[in-house]
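Visitor: For reference, the structure I am asking about is given below.
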Amino acid sequence: MESQSTILYELVCCAEWIQEKEEAIQFPSISTCTSGVFSYVNPTAFFRNKPLSPSETAVWINSLGPPWQYAVTSDGKIIAVLQDTILETRSSKDNFVSVLGKSHVPKDEFPNFRKMAWSKDSSLLAVSFTNGLIVVFDIMASQMCSVRRFETVIPSEGPKIPFSIDYSLAGMFFVDERLKKTPYCSEVISVDRRGCVKSFRQTSTDEMEFHHEASFKQYYPSEVTDVQYSESHKIILVAGNLIQDSNSQVPNWRHGITAWRLLLDSPYYRILFAVDGENFKMDAKRLWKIAFMLTSSTSLEHESILKMSFSPNGNQMAAIHVSGAISIWQLPSLKLIFIWPLKSLFQYNVSNPRFNCKWRNFFNQSQTRPMDPLIFHPYDVNWWSDESIIVSRVNGCLTLIPVCDCPSKNLLGDSPELFESAVRTSPRYEKNFFALESEIRYKGDSSENYTVVEANLRGSWVKNLTQEALFWVTDMERFRPPRKNKKKLPTWIQSYRIFTVRNITPQELFYRKIEQEEYGEAIDLAKIYKLDADLVYQRQWTKTPVSVHSIKDFLAKITKRNWVLRECLDRVPDTIDAARELLQFGLKGTDLTVAVLISQGKDKGKFILWAPDDLDIAKEEYLSLVDVNNAEVIRLLRYRKRFLHFIDMLNTYELIVGGPRVVEENYNSKSYGALRSRNTVESAIEMARSCDTNGLKILLTNHWNDISLHYMDIISSFPETWSPHDYKDFLPEINENENVVLWPDVESKDMDWCEAFLLKADTSFNQTYAENSEVTREEVYVWYYRRIQEIESLSGIINYALDLGLLGLERNVLELQSLVHDLQTLETLVYEVQIENMTLGKLKVLSYLERIQLLLSKSTDESFVSDFRYYVLPFVSNCEDNEEGSSYTLLNEYMTSLCSSDLSLVLKIFEASKRSDFDPLIPDLKDLMLLAHNCIYKCENFEQTENVMAILGCLPERGFEKKSPSMENLHHLIDNLEVHFSTVQLLQKYFVHLTVESIKQVSRNEDKASIEDFLVNICRSASRMHPPLKINDWKILLYDILELRKKLFNKFEMERSFEVRISSCFLKLWVL
């Protein structure tokens, strides 16, 4: 049965309110709480001299609880909290954390005696105050209406009349409207402590009116302590000091309980069981009996009831008695089932070290002997189930007692649940019930001193009075009474908390303890209920920074192998020592013996740091026992491979940050985590992009097998805006043996046993250890060529592209020579000539002649020679390197292109190429003579005589250099040139304008008719000269023709020359 077995529960704080006040401490006094003959009794003297009456006990116990009240709807979904001046409603949707509605209420002088009640449909909430005011609120704490049970009269002059708690309510509840005259079905019945009954019924949504009144004073002339309404039986139970004969044998009368039925008309209430009216007739004898009982205490009165509560099925009732006993009654018969005296209750006298009720703290400090006669008294009672009850005591202890003959067990466990004060409890709703506690603590040390001083002054009032009398009579200083020092009022903090005590399964409680970080209790629950203790250690491990101690204390206690291995791989500690220890710890869990146990099915998925070496065999035989077809074995091998890789990366990171001496200072968990989480190739690429050459060198040296296949891509990741000289150590080269060298410094590593298995079992793993394909010379050249183009096109920095090309040439990549020459030309064009928008792609489209013309495009007459020297000659030299003989061809092509109409620029070149110059532009005499020969013949301007003569003057004379057939041939060409040029000069006298090239072509012509026509044309041109030629001039013409025949037309007959001359003379005469 549920009532006989210990339940598991959790205590959750739903809401907390903290109030900080600075005021004098006011202590509860029975004189302010009760009326009658006790109004002027000193409570401390009362405690010392005589016991409390039942009425005083009820008032005193109620005053020890929290001043705040709360009420819960019948379904447990809404809770209303009545504070000092605020009413709040909260919903179960968010576990009562947020406020659903809030409203202000008037402050009450006796907040402990306020009452709250929800309507049956949970739509209305009634709140009563000790001044007779009843206010009705809705579910959002909005005030709907208010009524008064009695009119309050405050005189205009004189002191204010204080209210007594006798006017406070003993009970208030909603019932269904009995007359059904309105569409509203709510009726509020209130019963005060004097036994006066008043009913109010709802007439509209925001109005209630007085319905009727009645009185229980005939039966309870002294006091009504509690009134409850049973919805299931439609009866009202009233408890109090019932005046009756001492010889009465009816149990409910002896304990002051009566049951009443609701009537539709006057008198509206009728007692359920037959009662002799003579017993309650108010005659003179009866009045004397009441007066006697009010001034004395009897054993029957001490059995009166203070608090009642109905069971969930409504067939039982639990009650707290003035004596501290608890009784169980059957309903509706009011048959007494059990009654347990205070001292017979289980754990009734358990002390609570957390109990800090401010009134009792002060009372115990002001007395030489602590006096707590009611500290173990039950404060509140409610039902957990039909078979167990919830008991709250004055000292803050909360127990769950089974309903049986002699309860000897606390269903909450070995000890009660301890609170800071007496708690107000609620019935159980679904799986939980509510508890309201109040805690008070003083701020600073001044409060304690204040309390002690005040206590001493209160205790020595006789001495003070005597000293004051003696001082008044004698006026002597020795009798002057001590003065009170005005001290600052103490500051005290009062906290209110609402808890839910929730029934929970072992699994739920286990998980909740883990969430609340109560790991010790969670471990105990795991041991008792055989739960998974790994969850506790896992949470402790995840919540604790990784260290050597946390590995031993938490991680080593977890039995799930895969979880432990994943944690060892996933977590990155904050220190280098912890990181190394964590990886070594995980590596031990992937040992060869563990793989053998998994293969044999003996591991059960547990993490094993070491396996017993009971096989007594060699390692090779161990390896033969490993089942590579087992999926768990393959997973273990992959874990081990990752551990080995992470350890290698940790060693690499240690070198990257500066070595073992400074690794502790420079270690950064984020950077190390990023390094090992990325692929090695990705890390290398990232280092190249960030220009971390030192880290990249270390990575290449230690992880070459992982990087080698992607080496060319890695070095391509260096920024294009970074000088190649800064990463020249990484550039591939071709050695003397024509072998490609990528990275010379490689650290070799031995293969682990798991890697051999992975090579067999996992085909994708083979790629890691595949033999590196040899990089050919052609691939190196292609990389250089492509990378140079990328640098030039992406960055536009021609110098860096040229530097990379030159570095490639230094590394014996000779195929780059042509590209380097182009880059040099591009560099000259962009930086020296300052040609805009010129790129390598555009340059390659241009012919060599166009490039030379572009190099000299911005030259002036003054700078032509220097530009030619510094721009064209290097370009021509580069072309010569690429193709032998191309320098002369380019110069000839360019210079002849300049000579068609003007020889002035060419003349500058020849003048700067004289042998007398220290550094002639064209040092080769053969090229110089050939260029001069070609330029002169190329000129089509017959007015360039002076320039031609100047060019010829720049040529070396015969005998200047050593004799050779080639030089002889060149001199012969120049001689012919001079002949041709002299012929041009000769013909110009007769206005025959021909170029040197034309003369050359004429001289090569052996046709006599053509020669004759040529000579005739000369004569005819001479005959047309003005003024006409004279005889001597014609003679000169004849000599010139003979000279031409001798130099150019030596095969032409002399006689024919005379004939041509004579015919020209006759022509002249005929014309005349």
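Going through the structure tokens in order, the chains are called A, B, and so on, while each chain numbers its residues from 1 and the ligands are numbered from 1 in the order shown.
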Residues at most 12 Å from A:Ile797, counting only C-alpha atoms, excluding those fewer than 2 positions away in the same chain, as an MDAnalysis selection string?
Guide: chainID A and resid 719:724 788:795 799:804 823 826:827 830:831 838:840
Visitor: For the residues in that selection, give me N, CA, C and O atoms as a compact mmCIF listing (two decimals), in the first residue's frame.
Guide:
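The resulting file, again_29.txt, is reproduced below:
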# COMPACT_ATOMS: atom_id res chain seq x y z
N PRO A 719 49.36 34.36 -49.51
CA PRO A 719 48.69 35.51 -50.12
C PRO A 719 49.45 36.03 -51.33
O PRO A 719 50.69 36.07 -51.34
N GLU A 720 48.70 36.43 -52.33
CA GLU A 720 49.32 37.00 -53.53
C GLU A 720 49.99 38.33 -53.24
O GLU A 720 50.86 38.77 -54.00
N THR A 721 49.58 38.95 -52.15
CA THR A 721 50.16 40.25 -51.78
C THR A 721 51.36 40.09 -50.85
O THR A 721 51.81 41.09 -50.27
N TRP A 722 51.84 38.87 -50.68
CA TRP A 722 52.99 38.61 -49.82
C TRP A 722 54.19 38.29 -50.69
O TRP A 722 54.09 37.54 -51.67
N SER A 723 55.33 38.86 -50.34
CA SER A 723 56.53 38.69 -51.16
C SER A 723 56.97 37.23 -51.19
O SER A 723 57.06 36.58 -50.15
N PRO A 724 57.26 36.68 -52.36
CA PRO A 724 57.73 35.29 -52.44
C PRO A 724 59.03 35.05 -51.70
O PRO A 724 59.33 33.90 -51.35
N ILE A 788 52.51 32.36 -60.96
CA ILE A 788 52.96 33.69 -61.39
C ILE A 788 51.83 34.46 -62.03
O ILE A 788 51.62 35.65 -61.76
N GLN A 789 51.07 33.78 -62.86
CA GLN A 789 49.95 34.44 -63.50
C GLN A 789 48.89 34.84 -62.48
O GLN A 789 48.27 35.91 -62.59
N GLU A 790 48.67 33.99 -61.47
CA GLU A 790 47.69 34.34 -60.43
C GLU A 790 48.13 35.56 -59.65
O GLU A 790 47.31 36.46 -59.36
N ILE A 791 49.39 35.61 -59.28
CA ILE A 791 49.88 36.76 -58.52
C ILE A 791 49.73 38.04 -59.33
O ILE A 791 49.27 39.07 -58.83
N GLU A 792 50.10 37.97 -60.62
CA GLU A 792 50.03 39.18 -61.45
C GLU A 792 48.59 39.60 -61.70
O GLU A 792 48.26 40.79 -61.65
N SER A 793 47.70 38.65 -61.93
CA SER A 793 46.32 39.00 -62.27
C SER A 793 45.50 39.37 -61.04
O SER A 793 44.66 40.27 -61.10
N LEU A 794 45.73 38.68 -59.90
CA LEU A 794 44.91 38.92 -58.71
C LEU A 794 45.37 40.11 -57.89
O LEU A 794 44.55 40.85 -57.34
N SER A 795 46.67 40.27 -57.79
CA SER A 795 47.19 41.36 -56.95
C SER A 795 47.63 42.57 -57.77
O SER A 795 47.63 43.69 -57.26
N ASN A 799 56.09 43.03 -59.34
CA ASN A 799 57.37 42.71 -58.71
C ASN A 799 57.32 41.34 -58.05
O ASN A 799 58.28 40.56 -58.13
N TYR A 800 56.18 41.02 -57.36
CA TYR A 800 56.07 39.73 -56.68
C TYR A 800 56.00 38.59 -57.69
O TYR A 800 56.59 37.52 -57.48
N ALA A 801 55.30 38.80 -58.77
CA ALA A 801 55.25 37.77 -59.80
C ALA A 801 56.64 37.55 -60.40
O ALA A 801 57.06 36.41 -60.64
N LEU A 802 57.36 38.67 -60.64
CA LEU A 802 58.71 38.55 -61.18
C LEU A 802 59.65 37.89 -60.19
O LEU A 802 60.49 37.06 -60.58
N ASP A 803 59.49 38.21 -58.90
CA ASP A 803 60.33 37.58 -57.88
C ASP A 803 60.12 36.08 -57.85
O ASP A 803 61.09 35.31 -57.73
N LEU A 804 58.86 35.66 -57.95
CA LEU A 804 58.61 34.22 -57.95
C LEU A 804 59.22 33.57 -59.18
O LEU A 804 59.78 32.46 -59.09
N LEU A 823 57.80 39.28 -67.86
CA LEU A 823 57.51 40.04 -66.64
C LEU A 823 58.45 41.23 -66.48
O LEU A 823 58.04 42.30 -66.01
N LEU A 826 57.13 43.75 -68.75
CA LEU A 826 55.91 44.32 -68.16
C LEU A 826 56.25 45.27 -67.02
O LEU A 826 55.62 46.33 -66.86
N GLU A 827 57.23 44.89 -66.23
CA GLU A 827 57.65 45.75 -65.14
C GLU A 827 58.16 47.08 -65.67
O GLU A 827 57.83 48.16 -65.13
N VAL A 830 55.18 49.19 -67.00
CA VAL A 830 54.26 49.71 -65.99
C VAL A 830 54.94 50.70 -65.07
O VAL A 830 54.42 51.79 -64.81
N TYR A 831 56.11 50.34 -64.57
CA TYR A 831 56.75 51.17 -63.55
C TYR A 831 57.64 52.26 -64.14
O TYR A 831 57.75 53.35 -63.55
N MET A 838 48.13 48.01 -68.32
CA MET A 838 48.91 47.00 -69.01
C MET A 838 49.03 45.77 -68.10
O MET A 838 49.40 45.88 -66.93
N THR A 839 48.69 44.63 -68.64
CA THR A 839 48.78 43.38 -67.90
C THR A 839 49.60 42.38 -68.70
O THR A 839 49.93 42.61 -69.88
N LEU A 840 49.90 41.27 -68.05
CA LEU A 840 50.68 40.23 -68.71
C LEU A 840 49.91 39.64 -69.88
O LEU A 840 50.49 39.31 -70.92
Visitor: Kindly indicate which residue among A:Leu819, A:Ile328, A:Leu806, A:Val81 lies nearest to A:Ile401, using only C-alpha atoms for the distances.
Guide: A:Ile328
Visitor: List as a ChimeraX atom specification the protein and nucleic acid residues near A:Asn882, meaning an atom at most 10 Å away when only C-alpha atoms are counted, but skip any in the same chain fewer than 6 places from it.
Guide: /A:817-818,821,876
Visitor: Excluding A:Leu436 and residues on its chain fewer than 4 positions from it, collect all residues at most 6 Å away from it, counting only C-alpha atoms, and give them as a PyMOL selection string.
Guide: chain A and resi 423-424+497-498
Visitor: Which parts of stretch 738-809 of chain A does DSSP call helix (DSSP H, G or I) when run on the backbone here, written out as a PyMOL selection string?
Guide: chain A and resi 753-761+763-767+777-795+798-809
Visitor: Between A:Gln834, A:Ser415, A:Thr258, A:Gln69, which is the closest to A:Glu437 once you count only C-alpha atoms?
Guide: A:Gln69
Visitor: Quick one, how far is atom CA of A:Ser128 from atom CA of A:Ser168?
Guide: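 If I compute the distance from atom CA of A:Ser128 to atom CA of A:Ser168, I get 8.0 Å.
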Visitor: Mind pulling up the distance from atom CA of A:Ile951 to atom CA of A:Val979?
Guide: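 Distance between the two atoms: 14.7 Å.
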Visitor: Using only C-alpha atoms, determine which residues lie at most 10 Å from stretch 560-565 of chain A, disregarding the query and same-chain residues fewer than 3 positions distant; provide the list as a list in words.
Guide: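 Here the qualifying residues turn out to be Asp534, Gln538, Leu555, Ala556, Lys557, Cys568, Leu569, Asp570, Leu582, Leu583, Phe585, Gly586, Leu587, Gly589, Thr590, Asp603, Lys604, Gly605, Lys606, Phe607, Ile608, Leu609, Glu632, Arg635, Leu636, Tyr639, Arg640 and Phe643 of chain A.
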Visitor: List the spatial neighbours of stretch 226-237 of chain A as a list of chain:residue names - criterion: any atom at most 6 Å away, only C-alpha atoms, same-chain residues fewer than 3 positions off excluded.
Guide: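 With the cut-off at 6 Å, the set is A:Ala170, A:Gly171, A:Thr258, A:Ala259, A:Trp260, A:Arg261, A:Lys307.
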Visitor: Would you output that residue set with C-alpha atoms, as a compact mmCIF listing (two decimals), in the first residue's frame?
Guide:
# COMPACT_ATOMS: atom_id res chain seq x y z
CA ALA A 170 -12.83 30.73 11.96
CA GLY A 171 -13.97 29.59 8.53
CA THR A 258 -20.62 19.28 15.62
CA ALA A 259 -22.05 18.67 12.14
CA TRP A 260 -24.64 20.98 10.55
CA ARG A 261 -26.85 20.66 7.55
CA LYS A 307 -7.71 22.53 12.81
Visitor: Leaving out A:Lys914 and any residue of its chain fewer than 4 positions from it, which residues lie within 7 Å of it when counting only C-alpha atoms, given as an MDAnalysis selection string?
Guide: chainID A and resid 910 920 954
Visitor: Print the selection's residues with N, CA and C atoms to a file, as a JSON list (two decimals), in the first residue's frame.
Guide:
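Written out: result_24.json:
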[["chain", "number", "residue", "atom", "x", "y", "z"],
["A", 910, "PHE", "N", 73.10, 55.40, -83.99],
["A", 910, "PHE", "CA", 74.42, 55.14, -84.55],
["A", 910, "PHE", "C", 75.47, 56.05, -83.91],
["A", 920, "PRO", "N", 78.96, 51.64, -76.17],
["A", 920, "PRO", "CA", 78.15, 51.86, -77.36],
["A", 920, "PRO", "C", 76.84, 51.09, -77.26],
["A", 954, "CYS", "N", 79.54, 57.28, -88.85],
["A", 954, "CYS", "CA", 79.59, 56.55, -87.57],
["A", 954, "CYS", "C", 80.12, 55.13, -87.74]]
Visitor: As an exercise, work out the distance from atom CA of A:Asp414 to atom CA of A:Pro312 in Å and give it to one decimal place.
Guide: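 Separation between atom CA of A:Asp414 and atom CA of A:Pro312: 25.8 Å.
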Visitor: A:Leu262, A:Ile999, A:Ile707, A:Leu398: which is nearest A:Thr983, counting only C-alpha atoms?
Guide: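 Of A:Leu262, A:Ile999, A:Ile707, A:Leu398, the one nearest A:Thr983 is A:Ile999, counting only C-alpha atoms.
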